[in-house]
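What follows is a set of notes on a single structure, which appears directly below.
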Amino acid sequence: MSDLRNFFAIEDEQVELTEHQKALIDQLADKIVQRRLAAPVIFFLEISKPLNFIGSQVMVFFEPIIQSLFSFKNYEEYRTLLERRDTIEHLLASIERIDAEQRKQEKEARKKRKEQRRAHRA
């Protein structure tokens, strides 16, 4: 009976992400923000959080097909990251951080252009 108790247990101790894994997450988040997909991706990730492990197993199933059609260097690493429950939270935080930085830069650029137009008119 003690074996069944641990069968559905969720890991209490999460190993911290390595710097390489954090870089992969940031790289993916940056690509999402560059394509201006932050809002839909955040919405989708929030809805599908409980299914991240199933998603990683789907990636295992389709890996031979995907690898034969496309060349993804980090496919296995992304799949491994999806097996962790905390990866989605890290990805969401990275998307939100990068999106906020990009919005701030765009706002400053608009403000600067507006000031330049005003100076040009005067």
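Here, A, B, ... name the chains of the structure tokens in the order displayed, residue numbers run from 1 inside each chain, and ligands are numbered from 1 in the same displayed order.
Close contacts of range 66-76 of chain A, defined as residues with an atom at most 12 Å away when counting only C-alpha atoms, with chain neighbours fewer than 3 positions off set aside, comprise His20, Gln21, Ala23, Leu24, Ile25, Gln27, Leu28, Ser56, Gln57, Val58, Met59, Val60, Phe61, Phe62, Glu63, Arg79, Thr80, Leu81, Leu82 and Glu83 of chain A.
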Subject >> Surrounding residues of Leu92 in chain A excluding itself and chain neighbours under 3 positions, 9 Å, only C-alpha atoms, as a list of chain:residue names >> reply: A:Ala29, A:Val41, A:Ile42, A:Leu45, A:Glu46, A:Thr87, A:Ile88, A:Glu89, A:Ile95, A:Glu96, A:Arg97
Kindly export the residues of the current selection with N, CA and C atoms, as an mmCIF file, in the first residue's frame.
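Final output, again_9.cif:
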```
data_model
loop_
_atom_site.group_PDB
_atom_site.id
_atom_site.type_symbol
_atom_site.label_atom_id
_atom_site.label_comp_id
_atom_site.auth_asym_id
_atom_site.auth_seq_id
_atom_site.Cartn_x
_atom_site.Cartn_y
_atom_site.Cartn_z
ATOM 1 N N ALA A 29 11.114 32.515 -25.273
ATOM 2 C CA ALA A 29 10.279 33.666 -24.901
ATOM 3 C C ALA A 29 10.570 34.857 -25.804
ATOM 4 N N VAL A 41 -0.023 33.418 -26.434
ATOM 5 C CA VAL A 41 0.778 32.332 -25.870
ATOM 6 C C VAL A 41 0.587 32.268 -24.356
ATOM 7 N N ILE A 42 0.546 33.423 -23.699
ATOM 8 C CA ILE A 42 0.306 33.429 -22.257
ATOM 9 C C ILE A 42 -1.056 32.809 -21.953
ATOM 10 N N LEU A 45 -0.771 29.019 -22.525
ATOM 11 C CA LEU A 45 0.034 28.352 -21.500
ATOM 12 C C LEU A 45 -0.688 28.292 -20.164
ATOM 13 N N GLU A 46 -1.406 29.351 -19.816
ATOM 14 C CA GLU A 46 -2.162 29.338 -18.565
ATOM 15 C C GLU A 46 -3.234 28.249 -18.588
ATOM 16 N N THR A 87 8.520 24.549 -15.430
ATOM 17 C CA THR A 87 9.024 25.173 -16.650
ATOM 18 C C THR A 87 8.033 26.168 -17.244
ATOM 19 N N ILE A 88 6.753 25.833 -17.218
ATOM 20 C CA ILE A 88 5.735 26.722 -17.786
ATOM 21 C C ILE A 88 5.737 28.050 -17.025
ATOM 22 N N GLU A 89 5.869 27.997 -15.711
ATOM 23 C CA GLU A 89 5.917 29.239 -14.918
ATOM 24 C C GLU A 89 7.132 30.079 -15.291
ATOM 25 N N ILE A 95 8.387 35.488 -20.742
ATOM 26 C CA ILE A 95 7.602 36.175 -21.775
ATOM 27 C C ILE A 95 7.123 37.514 -21.251
ATOM 28 N N GLU A 96 6.593 37.536 -20.032
ATOM 29 C CA GLU A 96 6.077 38.779 -19.465
ATOM 30 C C GLU A 96 7.193 39.803 -19.276
ATOM 31 N N ARG A 97 8.364 39.344 -18.819
ATOM 32 C CA ARG A 97 9.499 40.261 -18.608
ATOM 33 C C ARG A 97 9.989 40.842 -19.929
#
```
Subject >> Which of A:Arg85, A:Pro40, A:Lys22, A:Ser94 sits closest to Phe53 in chain A [using only C-alpha atoms] >> reply: A:Arg85
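Residue nearest Ala38 in chain A within the list A:Gln102, A:His90, A:Pro64, A:Glu19: A:Gln102 [criterion: smallest interatomic distance, only C-alpha atoms].
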**OP:** Return as a VMD selection string the full set of residues in chain A whose backbone-based DSSP assignment is alpha helix (DSSP H).
**Re:** chain A and resid 2 to 7 19 to 34 38 to 48 52 to 69 75 to 82 87 to 121
Got time to write the residues from that selection, C-alpha atoms, as a short mmCIF file (atom, residue, chain, number, x, y, z; two decimals), in the first residue's frame?
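Once everything was written out, this is part.cif:
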```
data_model
loop_
_atom_site.label_atom_id
_atom_site.label_comp_id
_atom_site.auth_asym_id
_atom_site.auth_seq_id
_atom_site.Cartn_x
_atom_site.Cartn_y
_atom_site.Cartn_z
CA SER A 2 2.90 2.38 0.66
CA ASP A 3 3.98 1.98 -2.98
CA LEU A 4 0.59 3.24 -4.20
CA ARG A 5 0.79 6.29 -1.98
CA ASN A 6 3.89 7.52 -3.82
CA PHE A 7 2.62 6.53 -7.25
CA GLU A 19 21.85 28.39 -16.85
CA HIS A 20 21.59 26.60 -20.20
CA GLN A 21 17.95 25.69 -19.54
CA LYS A 22 17.18 29.26 -18.48
CA ALA A 23 18.83 30.49 -21.68
CA LEU A 24 16.67 28.11 -23.76
CA ILE A 25 13.53 29.38 -22.04
CA ASP A 26 14.59 33.00 -22.56
CA GLN A 27 15.39 32.28 -26.21
CA LEU A 28 11.94 30.78 -26.76
CA ALA A 29 10.28 33.67 -24.90
CA ASP A 30 12.21 36.19 -27.00
CA LYS A 31 11.05 34.54 -30.24
CA ILE A 32 7.46 34.60 -29.01
CA VAL A 33 7.65 38.30 -28.10
CA GLN A 34 9.39 39.21 -31.38
CA ALA A 38 2.86 37.19 -26.11
CA ALA A 39 -0.83 37.56 -25.22
CA PRO A 40 -2.13 34.47 -27.07
CA VAL A 41 0.78 32.33 -25.87
CA ILE A 42 0.31 33.43 -22.26
CA PHE A 43 -3.40 32.63 -22.55
CA PHE A 44 -2.67 29.20 -24.05
CA LEU A 45 0.03 28.35 -21.50
CA GLU A 46 -2.16 29.34 -18.57
CA ILE A 47 -4.91 27.05 -19.84
CA SER A 48 -2.63 24.14 -20.63
CA ASN A 52 2.70 20.06 -19.85
CA PHE A 53 3.91 16.51 -19.12
CA ILE A 54 1.44 15.07 -21.63
CA GLY A 55 2.74 17.61 -24.14
CA SER A 56 6.28 16.40 -23.59
CA GLN A 57 5.17 12.82 -24.23
CA VAL A 58 3.42 13.89 -27.44
CA MET A 59 6.75 15.45 -28.46
CA VAL A 60 8.44 12.08 -27.85
CA PHE A 61 5.87 10.35 -30.06
CA PHE A 62 6.24 12.84 -32.94
CA GLU A 63 10.00 13.34 -32.64
CA PRO A 64 11.00 11.00 -35.52
CA ILE A 65 8.58 12.70 -37.88
CA ILE A 66 9.46 16.23 -36.83
CA GLN A 67 13.21 15.58 -36.85
CA SER A 68 12.98 14.12 -40.35
CA LEU A 69 11.10 17.17 -41.67
CA TYR A 75 14.11 19.63 -29.65
CA GLU A 76 15.09 17.06 -27.04
CA GLU A 77 16.08 19.74 -24.55
CA TYR A 78 12.71 21.50 -24.92
CA ARG A 79 10.96 18.16 -24.51
CA THR A 80 12.93 17.47 -21.34
CA LEU A 81 12.09 20.91 -20.03
CA LEU A 82 8.38 20.30 -20.62
CA THR A 87 9.02 25.17 -16.65
CA ILE A 88 5.73 26.72 -17.79
CA GLU A 89 5.92 29.24 -14.92
CA HIS A 90 9.48 30.14 -15.89
CA LEU A 91 8.44 30.54 -19.53
CA LEU A 92 5.47 32.73 -18.58
CA ALA A 93 7.68 34.92 -16.40
CA SER A 94 10.25 35.27 -19.19
CA ILE A 95 7.60 36.18 -21.77
CA GLU A 96 6.08 38.78 -19.47
CA ARG A 97 9.50 40.26 -18.61
CA ILE A 98 10.70 40.45 -22.22
CA ASP A 99 7.33 41.78 -23.40
CA ALA A 100 7.41 44.52 -20.74
CA GLU A 101 10.94 45.48 -21.78
CA GLN A 102 9.95 45.63 -25.44
CA ARG A 103 6.86 47.72 -24.69
CA LYS A 104 8.96 50.12 -22.64
CA GLN A 105 11.47 50.49 -25.49
CA GLU A 106 8.67 51.05 -28.02
CA LYS A 107 7.06 53.64 -25.78
CA GLU A 108 10.35 55.51 -25.39
CA ALA A 109 10.93 55.38 -29.17
CA ARG A 110 7.44 56.80 -29.84
CA LYS A 111 8.02 59.54 -27.29
CA LYS A 112 11.36 60.39 -28.90
CA ARG A 113 9.81 60.50 -32.41
CA LYS A 114 7.01 62.69 -31.13
CA GLU A 115 9.50 65.11 -29.59
CA GLN A 116 11.50 65.16 -32.83
CA ARG A 117 8.36 65.99 -34.82
CA ARG A 118 7.52 68.80 -32.42
CA ALA A 119 11.05 70.18 -32.67
CA HIS A 120 10.94 69.93 -36.46
CA ARG A 121 7.66 71.88 -36.60
#
```
